[in-house]
Structures are given as structure tokens and as C-alpha cells.
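Worksheet: one structure, shown below.
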Amino acid sequence: MKKEKNCLSIYWSLHQSIIHGLNLVESYPYETVQRDYDYVRLASITADSDVGMATVNRCLDAAKACNVDDLCQKLRTEYVSACIKPTAKSGLCNRPKCKKALRRFFDRVPADYTHELLFCPCTDTACAERRRQTIVPSCSYESVEKPSCITQMRICKADYVCRSRLAQFQYDCEPSETSANSCKQGNYGACLLAYTGLIGSTITPNYVDNSTSSVAPWCSCSASGSWREECDNFLGYFTDNICLQNALMMFGSESDQQPTLSQTSTPSPGYSKHRKQEHYFCSRNHRNYEEHSGYNNTNTGSRK
């Protein structure tokens, strides 16, 4: 994490001269790598629980699969404990500690497990509520009042890591009317991984109800004043984004495992060679990247 922060601080310092105002969408500094998720391996872990059942609770199966993996069980137990334990002084949860533990879980545990826990398809209310409770929203997500999305976005952009994760999310989940699957980059898996990269940040997203595609950060645009348009655009990246919605709805299906790029998709101005070079500036080098893409670069920083 320390090396990542140092790299990101250099990246954004170099880009300050071309950044003006509150840009909604920025270039992101992480390098682009191929990510393949072994959902077949995960399915074999939970296969026994499917035998003899009329209906299958994928979220319950995902929890069982996590419990038989040492790393997943350890880090999941750590974040749940951090998020539900009240502090001695206030009696409330320790939100910063909770979010830090969540980031550690989603950064270090393979996406095979984290994605099944967070995006498991549901057909009933009990399953959907279990899915919504995955990140312990009472501590990591909700608060008494909803702050302004503009305020939350500014806080995020003042932090190098959060700013970079947001930029990556906006890139990987950018919608497109000309793409076959409504994602400009054509990859649902990359969009979902970028989405999970925001969990534990100032703009942590979560399900707003038991619907599969209804997600948003805990913020509002009701008091955004002259920044209302910018606020609506930011919030719309979660609430009105056909790419993200399709990625959530199609999770676990064959089309999600085998994403295809649209032949008609064309890059927008600014997404030229210069933009591509920017992608290869910093490396997150997550365990997810290493295990599922074969990516291993000893010259880049790793998360601790």
C-alpha cells in the first residue's frame, strides 16, 4: 500500500498542471491487465450444497466457499469483527477501522470469492438481504444523514488512492451505446473489479435495496446548489449506468465469463496513445491480479 500511495502521489502531482476545477472523469494511473476468474473452481467447492435442493441460495453458497478458504475466512472474519465491534468511548462502531479491514479483504482475497459474496444472483428477499449486508453497511456505508455527493467526491479526490480507484471505475464501467454489451471497454469483470475497488473509500457503494442492479454511494444531490449537474452526473455513474447495471445483472452467466469487445466501439478523443501510456504508470499488483492474470512484476509495489 505504501509503495502504491507513493507512486500515485507522483502521478497526480505530474497531472496537476492539466487539472482544472472538479473534473468528473479523469485518466487513471493503474496499468491494464487481463483478469480471468475461475468461477468453475468456485462452483466445484459449493457443488455439494446444491444436491437435493429445490432452490439454490448463491449468497449462502458463497459464504460457505469463503469459509473453506483460509485467506478468505481470515480476512472476512477480521472485517466483520472490526465493523460490528462498538468502541468503548462512544458505543458506536469504529468506521475507519471497519473500512480499512474491508479494503484489505477486497484487495487481497481472490475475486472468485469476493465477487460471489458481493454479486451473487438472488431470486428471493432473504438472499438479497444477505448480499446487501455483505459489507456490514450499518458501519461501513450508512450514517444518520446523507452527505452531499459533491463533498464526498472532493474528499475522495483529495486522496490519491481513492481518486485513482474512482478514475479506474469510471473508465472500466464507462457506458457505450455502440458496444455489444453496453460497456465501452467491453468487459463486465473489469467493471465489477473496479467497483469493488471503491469499497472502503469515502464513496463506498452498496445496494440501496434488494434489487440486483440498484447500487449507489451513501450521498445525495439535494443540497448541491450550483453543482447539481456535476453531482447528478457523478451519482448517475452508479444509479443510471447501463454498463454497471448489466455487469451486476449478468454476473455468473456464461456471457459474464466470456466478455466480448464490440467491433463497432471506437475510442473517444483523448483516449489515444497518450491515455494508454498513463494506464501503465502505477501498479496495484493485488493478489487478485497476480492469481487470475498470471501478472507478477517484482519491480512494483504490493499491498501489505
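Just remember, in the C-alpha cells the first chain shown is A, the second B, etc., residues are 1-based per chain, and ligands are 1-based in the order shown.
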Closest-contact table, region 141-195 of chain A side, partner region 215-231 of chain A, 6 Å, counting only C-alpha atoms, as a tab-separated table:
residue	atom	partner	partner_atom	distance
A:Lys146	CA	A:Cys219	CA	4.8
A:Pro147	CA	A:Cys219	CA	5.0
A:Ser148	CA	A:Ser220	CA	5.1
A:Cys149	CA	A:Cys219	CA	4.9
A:Ile150	CA	A:Cys231	CA	5.7
Env of Asp209 (chain A): 9 Å cut, atoms = only C-alpha atoms, seq-sep filter 2 positions within chain, self excluded. Answer as a ChimeraX atom specification.
/A:128-129,132,206-207,211-212,214-215
Restricting the calculation to only C-alpha atoms: of A:Cys191, A:Ala158, A:Cys139, A:Ala126, which residue gets closest to Tyr171 (chain A)?
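Looking only at the distances to Tyr171 (chain A), the closest residue turns out to be A:Cys191.
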If you run DSSP over the backbone, which residues in region 82-200 of chain A end up alpha helix (DSSP H)? Put them as number ranges by chain.
A: 82-84, 95-108, 111-119, 125-132, 137-140, 149-157, 160-172, 188-196
Atom-to-atom span, CA of Leu102 (chain A) and CA of Asp159 (chain A), Å:
17.3 Å
Best match for closeness to Asp232 (chain A) among A:Ala111, A:Met153, A:Asn187, A:Glu78, counting only C-alpha atoms:
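Of A:Ala111, A:Met153, A:Asn187, A:Glu78, the one nearest Asp232 (chain A) is A:Met153, counting only C-alpha atoms.
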Mind running region 178-205 of chain A against region 80-101 of chain A at 9 Å and telling me each contacting residue's nearest atom pair with the distance in Å (one decimal), counting only C-alpha atoms, chain and number ascending, as a Markdown table?
| residue | atom | partner | partner_atom | distance |
| --- | --- | --- | --- | --- |
| A:Ile199 | CA | A:Lys99 | CA | 7.6 |
| A:Gly200 | CA | A:Lys99 | CA | 4.2 |
| A:Ser201 | CA | A:Lys99 | CA | 7.0 |
| A:Thr204 | CA | A:Lys99 | CA | 8.9 |
Pick out each residue of region 125-276 of chain A that DSSP on the backbone tags as strand (DSSP E or B); I need them as a PyMOL selection string.
chain A and resi 148+175+183+205-207+215-217+220
Dump of N, CA and C atoms for the selected residues, as a CSV table (one decimal), in the first residue's frame:
chain,number,residue,atom,x,y,z
A,148,SER,N,-23.5,15.4,1.0
A,148,SER,CA,-23.5,15.8,-0.4
A,148,SER,C,-22.6,15.0,-1.2
A,175,PRO,N,-20.2,3.6,-19.9
A,175,PRO,CA,-21.3,3.0,-20.8
A,175,PRO,C,-21.0,3.4,-22.2
A,183,CYS,N,-20.9,-1.7,-22.4
A,183,CYS,CA,-19.7,-1.2,-21.8
A,183,CYS,C,-18.6,-0.8,-22.8
A,205,PRO,N,-19.7,2.2,-2.4
A,205,PRO,CA,-21.1,1.9,-2.9
A,205,PRO,C,-21.6,0.7,-2.3
A,206,ASN,N,-23.0,0.5,-2.3
A,206,ASN,CA,-23.6,-0.7,-1.9
A,206,ASN,C,-25.0,-0.7,-2.5
A,207,TYR,N,-25.7,-1.8,-2.3
A,207,TYR,CA,-27.1,-2.0,-2.7
A,207,TYR,C,-27.9,-1.1,-1.9
A,215,VAL,N,-27.5,0.2,-7.0
A,215,VAL,CA,-26.4,0.5,-6.2
A,215,VAL,C,-26.1,1.9,-6.2
A,216,ALA,N,-25.4,2.4,-5.1
A,216,ALA,CA,-25.1,3.9,-5.1
A,216,ALA,C,-24.2,4.1,-3.8
A,217,PRO,N,-23.4,5.1,-3.9
A,217,PRO,CA,-22.7,5.5,-2.6
A,217,PRO,C,-23.7,6.2,-1.7
A,220,SER,N,-26.2,12.3,-1.4
A,220,SER,CA,-27.3,12.9,-2.0
A,220,SER,C,-26.9,14.2,-2.8
What lies within 9 Å of Cys127 (chain A) using only C-alpha atoms, ignoring chain neighbours under 2 positions off, as a tab-separated table (two decimals) with C-alpha atoms, in the first residue's frame?
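Result written to selection_32.tsv:
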chain	number	residue	atom	x	y	z
A	57	ASN	CA	-29.02	-19.62	-2.40
A	58	ARG	CA	-25.89	-18.46	-4.22
A	59	CYS	CA	-25.05	-15.96	-1.47
A	60	LEU	CA	-25.15	-18.67	1.19
A	120	CYS	CA	-24.32	-13.38	-6.00
A	121	PRO	CA	-27.56	-13.56	-8.04
A	122	CYS	CA	-30.70	-13.78	-5.89
A	123	THR	CA	-34.31	-14.76	-6.51
A	124	ASP	CA	-35.70	-14.14	-3.02
A	125	THR	CA	-35.62	-11.43	-0.36
A	129	GLU	CA	-30.67	-9.06	2.08
A	130	ARG	CA	-27.70	-11.31	2.86
A	131	ARG	CA	-25.99	-9.85	-0.21
A	132	ARG	CA	-26.76	-6.28	0.87
A	210	ASN	CA	-32.78	-5.78	-2.56
Contacts of Tyr113 (chain A) at 8 Å or less, counting only C-alpha atoms, minus same-chain residues fewer than 5 places along, as a PyMOL selection string?
chain A and resi 42+62+65-66+72
Would you write out those residues with N, CA and C atoms, as a compact mmCIF listing (two decimals), in the first residue's frame?
# COMPACT_ATOMS: atom_id res chain seq x y z
N LEU A 42 -14.73 -22.33 -8.17
CA LEU A 42 -15.57 -21.95 -7.04
C LEU A 42 -16.86 -22.77 -7.04
N ALA A 62 -21.75 -18.88 -1.43
CA ALA A 62 -20.53 -18.07 -1.49
C ALA A 62 -19.89 -17.95 -0.11
N ALA A 65 -18.20 -21.22 0.67
CA ALA A 65 -16.95 -21.34 -0.08
C ALA A 65 -15.85 -20.51 0.56
N CYS A 66 -16.20 -19.33 1.02
CA CYS A 66 -15.22 -18.46 1.68
C CYS A 66 -14.71 -19.10 2.97
N CYS A 72 -9.64 -16.19 2.74
CA CYS A 72 -10.96 -15.57 2.67
C CYS A 72 -11.63 -15.57 4.04
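With only C-alpha atoms as the atoms that count, the minimum distance from Asp70 (chain A) to the choices A:His115, A:Val109, A:Gln170, A:Thr239 is reached by A:Val109.
Between CA of Phe234 (chain A) and CA of Arg104 (chain A) the interatomic distance comes to 25.6 Å.
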With only C-alpha atoms as the counted atoms, please give the residues lying no more than 9 Å from Cys162 (chain A), apart from itself and same-chain residues fewer than 5 positions off, as an mmCIF file with N, CA and C atoms, in the first residue's frame.
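Written output follows (result.cif):
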data_model
loop_
_atom_site.group_PDB
_atom_site.id
_atom_site.type_symbol
_atom_site.label_atom_id
_atom_site.label_comp_id
_atom_site.auth_asym_id
_atom_site.auth_seq_id
_atom_site.Cartn_x
_atom_site.Cartn_y
_atom_site.Cartn_z
ATOM 1 N N ILE A 155 -13.628 14.947 -1.217
ATOM 2 C CA ILE A 155 -12.802 14.260 -0.220
ATOM 3 C C ILE A 155 -12.063 13.099 -0.877
ATOM 4 N N CYS A 156 -12.763 12.373 -1.731
ATOM 5 C CA CYS A 156 -12.164 11.244 -2.441
ATOM 6 C C CYS A 156 -11.008 11.708 -3.321
ATOM 7 N N LYS A 157 -11.224 12.796 -4.049
ATOM 8 C CA LYS A 157 -10.201 13.259 -4.982
ATOM 9 C C LYS A 157 -9.014 13.909 -4.284
ATOM 10 N N ALA A 167 -11.244 6.947 -10.753
ATOM 11 C CA ALA A 167 -10.929 7.109 -12.170
ATOM 12 C C ALA A 167 -10.957 5.768 -12.888
ATOM 13 N N GLY A 197 -13.142 -1.945 -5.972
ATOM 14 C CA GLY A 197 -12.010 -1.126 -5.565
ATOM 15 C C GLY A 197 -12.416 0.115 -4.798
ATOM 16 N N LEU A 198 -13.686 0.510 -4.913
ATOM 17 C CA LEU A 198 -14.186 1.692 -4.209
ATOM 18 C C LEU A 198 -14.652 1.378 -2.793
ATOM 19 N N SER A 201 -13.750 3.180 0.739
ATOM 20 C CA SER A 201 -13.360 4.567 0.490
ATOM 21 C C SER A 201 -14.464 5.513 0.948
ATOM 22 N N THR A 202 -14.241 6.808 0.744
ATOM 23 C CA THR A 202 -15.244 7.819 1.085
ATOM 24 C C THR A 202 -16.526 7.627 0.288
ATOM 25 N N ILE A 203 -16.402 7.076 -0.908
ATOM 26 C CA ILE A 203 -17.572 6.899 -1.778
ATOM 27 C C ILE A 203 -17.925 5.413 -1.904
#
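One distance worth recording is that between CA of Phe251 (chain A) and CA of Thr77 (chain A), which is 24.7 Å.
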Among listed residues A:Leu244, A:Tyr188, A:Tyr141, A:Phe169, nearest Val208 (chain A) (using only C-alpha atoms)
A:Tyr141
